[in-house]
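Here is coords_20.csv, consisting of CSV, C-alpha atoms:
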chain,number,residue,atom,x,y,z
H,1,ASP,CA,0.0,0.0,0.0
H,2,ALA,CA,1.2,3.5,-0.8
H,3,GLY,CA,2.2,5.5,2.3
H,4,VAL,CA,1.8,9.2,2.8
H,5,ILE,CA,3.4,11.0,-0.1
H,6,GLN,CA,4.9,14.4,0.2
H,7,SER,CA,6.3,16.7,-2.5
H,8,PRO,CA,8.8,18.2,-3.1
H,9,ARG,CA,11.4,16.3,-1.0
H,10,HIS,CA,13.7,19.3,-1.1
H,11,GLU,CA,13.0,23.0,-1.7
H,12,VAL,CA,15.5,25.8,-1.7
H,13,THR,CA,14.2,29.3,-2.3
H,14,GLU,CA,15.0,32.9,-1.5
H,15,MET,CA,13.3,34.7,1.3
H,16,GLY,CA,10.2,36.5,0.4
H,17,GLN,CA,9.1,33.8,-2.1
H,18,GLU,CA,5.9,31.8,-1.7
H,19,VAL,CA,6.4,28.1,-0.8
H,20,THR,CA,3.8,25.4,-1.3
H,21,LEU,CA,4.2,22.0,0.3
H,22,ARG,CA,2.0,19.1,-0.8
H,23,CYS,CA,0.7,16.0,0.8
H,24,LYS,CA,-1.3,13.0,-0.2
H,25,PRO,CA,-2.5,11.0,2.8
H,26,ILE,CA,-3.1,7.3,2.9
H,27,SER,CA,-6.4,6.4,1.2
H,28,GLY,CA,-9.2,6.0,3.8
H,29,HIS,CA,-7.5,8.0,6.5
H,30,ASP,CA,-9.6,10.8,7.8
H,31,TYR,CA,-7.1,12.7,9.9
H,32,LEU,CA,-4.2,14.7,8.4
H,33,PHE,CA,-1.5,16.4,10.4
H,34,TRP,CA,1.2,18.9,9.4
H,35,TYR,CA,4.4,19.0,11.6
H,36,ARG,CA,7.6,21.0,11.5
H,37,GLN,CA,10.9,19.5,12.8
H,38,THR,CA,14.0,21.5,13.7
H,39,MET,CA,17.0,20.8,15.9
H,40,MET,CA,16.1,23.6,18.3
H,41,ARG,CA,12.4,23.0,18.7
H,42,GLY,CA,12.0,19.3,17.9
H,43,LEU,CA,8.7,18.1,16.4
H,44,GLU,CA,5.9,20.7,16.4
H,45,LEU,CA,2.3,20.1,15.4
H,46,LEU,CA,1.2,23.0,13.1
H,47,ILE,CA,-2.3,22.0,12.2
H,48,TYR,CA,-4.6,19.0,11.8
H,49,PHE,CA,-7.7,18.2,9.7
H,50,ASN,CA,-10.5,15.8,10.3
H,51,ASN,CA,-12.6,14.9,7.2
H,52,ASN,CA,-11.0,17.8,5.4
H,53,VAL,CA,-12.0,20.3,8.0
H,54,PRO,CA,-9.3,22.2,10.0
H,55,ILE,CA,-9.7,21.4,13.6
H,56,ASP,CA,-6.8,23.0,15.4
H,57,ASP,CA,-4.4,25.5,13.9
H,58,SER,CA,-3.0,26.8,17.1
H,59,GLY,CA,0.4,25.6,16.2
H,60,MET,CA,0.6,27.6,13.0
H,61,PRO,CA,3.4,30.1,13.8
H,62,GLU,CA,1.9,33.2,12.2
H,63,ASP,CA,-0.3,34.5,9.4
H,64,ARG,CA,2.3,33.8,6.8
H,65,PHE,CA,1.4,30.1,7.2
H,66,SER,CA,-1.8,28.7,5.8
H,67,ALA,CA,-3.0,25.1,5.1
H,68,LYS,CA,-5.9,23.7,3.1
H,69,MET,CA,-7.4,20.3,2.4
H,70,PRO,CA,-9.7,20.7,-0.6
H,71,ASN,CA,-10.5,16.9,-0.7
H,72,ALA,CA,-9.7,13.7,1.2
H,73,SER,CA,-6.6,12.9,-0.9
H,74,PHE,CA,-4.7,16.2,-1.0
H,75,SER,CA,-3.5,18.9,1.4
H,76,THR,CA,-1.2,21.9,1.0
H,77,LEU,CA,0.8,24.0,3.4
H,78,LYS,CA,1.7,27.4,2.1
H,79,ILE,CA,4.2,30.0,3.4
H,80,GLN,CA,4.0,33.5,2.0
H,81,PRO,CA,6.3,35.3,2.3
H,82,SER,CA,8.9,32.9,3.4
H,83,GLU,CA,11.7,33.8,5.9
H,84,PRO,CA,15.0,32.1,6.7
H,85,ARG,CA,13.7,31.0,10.1
H,86,ASP,CA,11.1,28.9,8.3
H,87,SER,CA,13.9,26.5,7.2
H,88,ALA,CA,13.0,23.1,8.6
H,89,VAL,CA,11.8,19.7,7.7
H,90,TYR,CA,8.0,19.6,7.3
H,91,PHE,CA,6.1,16.4,7.7
H,92,CYS,CA,2.6,15.3,6.8
H,93,ALA,CA,1.0,12.4,8.6
H,94,SER,CA,-2.4,10.7,8.4
H,95,SER,CA,-4.3,8.3,10.6
H,96,ASN,CA,-7.6,6.4,10.8
H,97,THR,CA,-10.3,7.3,13.3
H,98,GLY,CA,-11.3,5.0,16.1
H,99,GLY,CA,-9.3,4.8,19.3
H,100,ALA,CA,-5.6,5.5,19.6
H,101,GLN,CA,-4.6,4.8,16.0
H,102,PRO,CA,-0.9,5.5,15.1
H,103,GLN,CA,0.0,8.3,12.8
H,104,HIS,CA,1.7,7.4,9.5
H,105,PHE,CA,4.3,9.9,8.4
H,106,GLY,CA,5.6,10.9,5.0
H,107,ASP,CA,9.3,11.3,4.3
H,108,GLY,CA,9.1,15.1,4.7
H,109,THR,CA,10.0,18.2,2.8
H,110,ARG,CA,13.4,19.7,3.6
H,111,LEU,CA,12.9,23.4,3.2
H,112,SER,CA,15.8,25.9,3.0
H,113,ILE,CA,15.0,29.6,2.8
H,114,LEU,CA,18.1,31.6,1.8
M,1,GLY,CA,-1.0,19.0,30.5
M,2,ASP,CA,-0.1,15.5,29.3
M,3,SER,CA,3.5,15.1,28.2
M,4,VAL,CA,6.3,12.7,27.6
M,5,THR,CA,9.9,12.9,28.8
M,6,GLN,CA,12.7,11.0,27.2
M,7,MET,CA,16.3,10.5,28.3
M,8,GLU,CA,18.6,12.9,26.6
M,9,GLY,CA,20.9,11.6,24.0
M,10,PRO,CA,22.9,11.0,22.2
M,11,VAL,CA,23.4,7.4,23.1
M,12,THR,CA,26.4,5.6,21.6
M,13,LEU,CA,26.7,1.8,21.9
M,14,SER,CA,28.8,-0.9,20.4
M,15,GLU,CA,27.1,-3.6,18.3
M,16,GLU,CA,25.5,-6.3,20.3
M,17,ALA,CA,25.2,-4.1,23.4
M,18,PHE,CA,22.0,-3.9,25.5
M,19,LEU,CA,19.8,-0.8,24.8
M,20,THR,CA,17.5,1.0,27.2
M,21,ILE,CA,16.0,4.4,26.3
M,22,ASN,CA,13.9,5.8,29.2
M,23,CYS,CA,10.5,7.3,28.7
M,24,THR,CA,8.2,8.6,31.4
M,25,TYR,CA,4.9,10.2,30.9
M,26,THR,CA,2.5,12.6,32.7
M,27,ALA,CA,-1.1,12.0,32.0
M,28,THR,CA,-4.5,12.7,33.6
M,29,GLY,CA,-6.0,9.5,32.3
M,30,TYR,CA,-4.8,6.2,30.7
M,31,PRO,CA,-3.3,7.0,27.3
M,32,SER,CA,-2.0,4.7,24.7
M,33,LEU,CA,1.8,4.7,24.4
M,34,PHE,CA,4.0,4.5,21.3
M,35,TRP,CA,7.6,4.3,20.2
M,36,TYR,CA,8.5,5.7,16.8
M,37,VAL,CA,11.8,5.5,15.0
M,38,GLN,CA,13.2,8.0,12.5
M,39,TYR,CA,16.0,6.9,10.2
M,40,PRO,CA,18.1,9.6,8.4
M,41,GLY,CA,16.2,11.4,5.7
M,42,GLU,CA,12.9,9.7,6.5
M,43,GLY,CA,9.7,10.3,8.4
M,44,LEU,CA,8.8,8.8,11.8
M,45,GLN,CA,7.8,5.1,11.6
M,46,LEU,CA,5.7,3.3,14.2
M,47,LEU,CA,8.0,0.8,16.1
M,48,LEU,CA,5.6,-0.5,18.7
M,49,LYS,CA,2.7,0.4,20.9
M,50,ALA,CA,0.8,-0.5,24.0
M,51,THR,CA,-2.7,0.5,24.8
M,52,LYS,CA,-3.2,-0.3,28.5
M,53,ALA,CA,-1.3,-1.0,31.7
M,54,ASP,CA,1.0,-4.0,31.7
M,55,ASP,CA,0.8,-4.4,27.9
M,56,LYS,CA,4.1,-5.2,26.2
M,57,GLY,CA,4.7,-3.9,22.8
M,58,SER,CA,7.3,-5.6,20.7
M,59,ASN,CA,8.7,-5.4,17.2
M,60,LYS,CA,12.1,-6.1,15.5
M,61,GLY,CA,13.6,-7.2,18.8
M,62,PHE,CA,12.6,-4.0,20.6
M,63,GLU,CA,10.2,-4.2,23.6
M,64,ALA,CA,8.5,-1.7,25.9
M,65,THR,CA,6.1,-2.4,28.8
M,66,TYR,CA,3.4,0.0,29.8
M,67,ARG,CA,4.0,0.6,33.6
M,68,LYS,CA,1.3,2.5,35.2
M,69,GLU,CA,2.8,2.4,38.7
M,70,THR,CA,6.0,4.2,37.5
M,71,THR,CA,4.3,6.0,34.5
M,72,SER,CA,7.0,4.6,32.2
M,73,PHE,CA,7.4,3.0,28.8
M,74,HIS,CA,11.1,2.3,28.5
M,75,LEU,CA,12.4,1.0,25.2
M,76,GLU,CA,14.8,-2.0,25.3
M,77,LYS,CA,16.6,-4.3,22.9
M,78,GLY,CA,18.9,-7.1,23.9
M,79,SER,CA,21.5,-6.8,21.2
M,80,VAL,CA,21.6,-3.7,19.0
M,81,GLN,CA,22.9,-3.6,15.4
M,82,VAL,CA,24.5,-0.8,13.4
M,83,SER,CA,21.2,-0.6,11.4
M,84,ASP,CA,19.4,0.4,14.6
M,85,SER,CA,21.2,3.8,14.5
M,86,ALA,CA,18.3,6.3,14.4
M,87,VAL,CA,16.3,8.8,16.5
M,88,TYR,CA,13.7,7.2,18.7
M,89,PHE,CA,10.6,9.1,19.9
M,90,CYS,CA,8.2,8.1,22.7
M,91,ALA,CA,4.7,9.4,22.3
M,92,LEU,CA,1.2,9.2,24.0
M,93,THR,CA,-2.3,9.8,22.9
M,94,TYR,CA,-5.8,9.3,24.1
M,95,ASN,CA,-7.1,9.6,20.6
M,96,ASN,CA,-5.5,10.1,17.2
M,97,ASN,CA,-5.9,13.8,17.0
M,98,ASP,CA,-3.6,14.8,19.8
M,99,MET,CA,-0.4,12.8,19.9
M,100,ARG,CA,2.3,14.2,22.3
M,101,PHE,CA,5.9,13.3,21.2
M,102,GLY,CA,9.0,13.4,23.3
M,103,ALA,CA,12.1,15.3,22.2
M,104,GLY,CA,13.7,12.2,20.6
M,105,THR,CA,16.8,10.3,21.5
M,106,ARG,CA,19.5,9.8,19.0
M,107,LEU,CA,21.1,6.3,19.0
M,108,THR,CA,24.4,5.5,17.3
M,109,VAL,CA,25.6,2.0,17.2
M,110,LYS,CA,29.3,1.4,16.3
M,111,PRO,CA,30.6,-1.8,14.7

Would you write the structure of this file as structure tokens?
Amino acid sequence: DAGVIQSPRHEVTEMGQEVTLRCKPISGHDYLFWYRQTMMRGLELLIYFNNNVPIDDSGMPEDRFSAKMPNASFSTLKIQPSEPRDSAVYFCASSNTGGAQPQHFGDGTRLSIL
Amino acid sequence: GDSVTQMEGPVTLSEEAFLTINCTYTATGYPSLFWYVQYPGEGLQLLLKATKADDKGSNKGFEATYRKETTSFHLEKGSVQVSDSAVYFCALTYNNNDMRFGAGTRLTVKP
């Protein structure tokens, strides 16, 4: 079975540019999570969706970040304008509903803002 | 709030050594507990889990027992291999929309 698919795997861009990260969750999963991982702050939950609806975006650092889930098989995380401090690895994860189901992670997007 | 505390790394062991990575949790109820592993350049992968007290999760030679009396879920392996070098995360959740991760412990196994 295909796992969570993220694209691109690597992104290098100059500050001020718009960055869009993409995620395809595992088919049938109704929860989708966006995380950011840095050495300094570890793994941080940014936002999560249930049945395509954003449930908690309290982890989104500021208004420059936005996330959408237009359908059950696709989500985007957008940063506009990007800043060097946004450099990190961004992970998408999905899970099934019902009890304490594990989250399944994609391989991440390594983002570098110059 | 509920949280997980892991032993700080990095941990460096020789091949075939015994591994313990400590994890303790603070919880108001009875969460499910997980260990995830992250290999270089990859996302986190579920290693094992336990859903109630005294349950033992096991996978690939790794084990962890859910200890309610000590609020712990320590990860153990009897004989580590170079291929076990990775970052290990302890985590807890009551449901799948709020998973609390520890800071991660980096393990390096030398031949």

Using only C-alpha atoms, which chain M residues lie at most 12 Å away from chain H, written as a PyMOL selection string? chain M and resi 30-52+87+89-106

List as a PDB file with C-alpha atoms, in the frame of the given file the protein and nucleic acid residues near H:Lys78, meaning an atom at most 8 Å away when all atoms listed in the file are counted, but skip any in the same chain fewer than 4 places from it.
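Output file part_24.pdb is given in full below:
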ATOM      1  CA  GLU H  18       5.900  31.800  -1.700  1.00  0.00           C
ATOM      2  CA  VAL H  19       6.400  28.100  -0.800  1.00  0.00           C
ATOM      3  CA  THR H  20       3.800  25.400  -1.300  1.00  0.00           C
ATOM      4  CA  LEU H  21       4.200  22.000   0.300  1.00  0.00           C
ATOM      5  CA  ARG H  64       2.300  33.800   6.800  1.00  0.00           C
ATOM      6  CA  PHE H  65       1.400  30.100   7.200  1.00  0.00           C
ATOM      7  CA  SER H  66      -1.800  28.700   5.800  1.00  0.00           C
ATOM      8  CA  ALA H  67      -3.000  25.100   5.100  1.00  0.00           C
TER       9      ALA H  67
END

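The spacing separating atom CA of M:Thr5 from atom CA of M:Gly57 amounts to 18.6 Å.
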
Residues near M:His74, anyone? I mean within 6 Å using all atoms listed in the file, not counting same-chain ones fewer than 3 positions away, as a list in words. Ile21, Asn22, Cys23 and Ala64 of chain M

With all atoms listed in the file as the counted atoms, please give the residues lying no more than 8 Å from H:Arg22, apart from itself and same-chain residues fewer than 5 positions off, as a ChimeraX atom specification. /H:6-8,74-77

Just the number, please: distance in Å from atom CA of H:Gln17 to atom CA of H:Ile47, one decimal.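 A separation of 21.8 Å between them.
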
Please compute the atom CA of M:Val80-atom CA of M:Asn59 distance, one decimal, in Å.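 Atom-to-atom, atom CA of M:Val80 and atom CA of M:Asn59 are spaced 13.1 Å apart.
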
Would you mind putting back N, CA, C and O atoms on stretch 63-84 of chain H, then writing it out as an mmCIF file, keeping the file's coordinate frame?
data_model
loop_
_atom_site.group_PDB
_atom_site.id
_atom_site.type_symbol
_atom_site.label_atom_id
_atom_site.label_comp_id
_atom_site.auth_asym_id
_atom_site.auth_seq_id
_atom_site.Cartn_x
_atom_site.Cartn_y
_atom_site.Cartn_z
ATOM 1 N N ASP H 63 0.600 34.375 10.585
ATOM 2 C CA ASP H 63 -0.300 34.500 9.400
ATOM 3 C C ASP H 63 0.359 34.163 8.111
ATOM 4 O O ASP H 63 -0.337 33.976 7.106
ATOM 5 N N ARG H 64 1.653 34.103 8.086
ATOM 6 C CA ARG H 64 2.300 33.800 6.800
ATOM 7 C C ARG H 64 2.097 32.310 6.441
ATOM 8 O O ARG H 64 2.303 31.927 5.305
ATOM 9 N N PHE H 65 1.671 31.516 7.406
ATOM 10 C CA PHE H 65 1.400 30.100 7.200
ATOM 11 C C PHE H 65 -0.080 29.869 6.970
ATOM 12 O O PHE H 65 -0.911 30.391 7.720
ATOM 13 N N SER H 66 -0.397 29.048 5.970
ATOM 14 C CA SER H 66 -1.800 28.700 5.800
ATOM 15 C C SER H 66 -1.812 27.216 5.257
ATOM 16 O O SER H 66 -0.871 26.764 4.607
ATOM 17 N N ALA H 67 -2.885 26.517 5.553
ATOM 18 C CA ALA H 67 -3.000 25.100 5.100
ATOM 19 C C ALA H 67 -4.444 24.897 4.624
ATOM 20 O O ALA H 67 -5.390 25.474 5.166
ATOM 21 N N LYS H 68 -4.559 24.052 3.614
ATOM 22 C CA LYS H 68 -5.900 23.700 3.100
ATOM 23 C C LYS H 68 -5.941 22.218 2.811
ATOM 24 O O LYS H 68 -4.920 21.547 2.628
ATOM 25 N N MET H 69 -7.157 21.742 2.776
ATOM 26 C CA MET H 69 -7.400 20.300 2.400
ATOM 27 C C MET H 69 -8.662 20.326 1.559
ATOM 28 O O MET H 69 -9.760 20.112 2.078
ATOM 29 N N PRO H 70 -8.518 20.551 0.260
ATOM 30 C CA PRO H 70 -9.700 20.700 -0.600
ATOM 31 C C PRO H 70 -10.448 19.362 -0.795
ATOM 32 O O PRO H 70 -11.648 19.383 -1.117
ATOM 33 N N ASN H 71 -9.777 18.227 -0.590
ATOM 34 C CA ASN H 71 -10.500 16.900 -0.700
ATOM 35 C C ASN H 71 -9.706 15.912 0.166
ATOM 36 O O ASN H 71 -8.644 16.234 0.727
ATOM 37 N N ALA H 72 -10.231 14.726 0.243
ATOM 38 C CA ALA H 72 -9.700 13.700 1.200
ATOM 39 C C ALA H 72 -8.315 13.196 0.756
ATOM 40 O O ALA H 72 -7.663 12.507 1.533
ATOM 41 N N SER H 73 -7.872 13.514 -0.453
ATOM 42 C CA SER H 73 -6.600 12.900 -0.900
ATOM 43 C C SER H 73 -5.527 13.981 -1.161
ATOM 44 O O SER H 73 -4.491 13.669 -1.746
ATOM 45 N N PHE H 74 -5.726 15.204 -0.668
ATOM 46 C CA PHE H 74 -4.700 16.200 -1.000
ATOM 47 C C PHE H 74 -4.782 17.355 0.052
ATOM 48 O O PHE H 74 -5.860 17.830 0.430
ATOM 49 N N SER H 75 -3.596 17.788 0.469
ATOM 50 C CA SER H 75 -3.500 18.900 1.400
ATOM 51 C C SER H 75 -2.264 19.744 0.990
ATOM 52 O O SER H 75 -1.278 19.208 0.466
ATOM 53 N N THR H 76 -2.316 21.046 1.256
ATOM 54 C CA THR H 76 -1.200 21.900 1.000
ATOM 55 C C THR H 76 -0.881 22.732 2.268
ATOM 56 O O THR H 76 -1.774 23.077 3.040
ATOM 57 N N LEU H 77 0.380 23.033 2.430
ATOM 58 C CA LEU H 77 0.800 24.000 3.400
ATOM 59 C C LEU H 77 1.610 25.061 2.699
ATOM 60 O O LEU H 77 2.553 24.774 1.972
ATOM 61 N N LYS H 78 1.174 26.291 2.899
ATOM 62 C CA LYS H 78 1.700 27.400 2.100
ATOM 63 C C LYS H 78 2.394 28.398 3.092
ATOM 64 O O LYS H 78 1.854 28.686 4.177
ATOM 65 N N ILE H 79 3.535 28.911 2.689
ATOM 66 C CA ILE H 79 4.200 30.000 3.400
ATOM 67 C C ILE H 79 4.422 31.137 2.495
ATOM 68 O O ILE H 79 5.021 30.996 1.443
ATOM 69 N N GLN H 80 3.886 32.277 2.880
ATOM 70 C CA GLN H 80 4.000 33.500 2.000
ATOM 71 C C GLN H 80 3.926 34.729 2.899
ATOM 72 O O GLN H 80 2.893 34.971 3.545
ATOM 73 N N PRO H 81 4.966 35.542 2.915
ATOM 74 C CA PRO H 81 6.300 35.300 2.300
ATOM 75 C C PRO H 81 7.153 34.461 3.222
ATOM 76 O O PRO H 81 7.000 34.467 4.437
ATOM 77 N N SER H 82 8.065 33.726 2.624
ATOM 78 C CA SER H 82 8.900 32.900 3.400
ATOM 79 C C SER H 82 10.090 33.666 4.020
ATOM 80 O O SER H 82 10.496 34.713 3.498
ATOM 81 N N GLU H 83 10.596 33.158 5.159
ATOM 82 C CA GLU H 83 11.700 33.800 5.900
ATOM 83 C C GLU H 83 12.746 32.698 6.203
ATOM 84 O O GLU H 83 12.369 31.516 6.344
ATOM 85 N N PRO H 84 14.004 33.081 6.396
ATOM 86 C CA PRO H 84 15.000 32.100 6.700
ATOM 87 C C PRO H 84 14.686 31.215 7.926
ATOM 88 O O PRO H 84 15.022 30.028 7.962
#
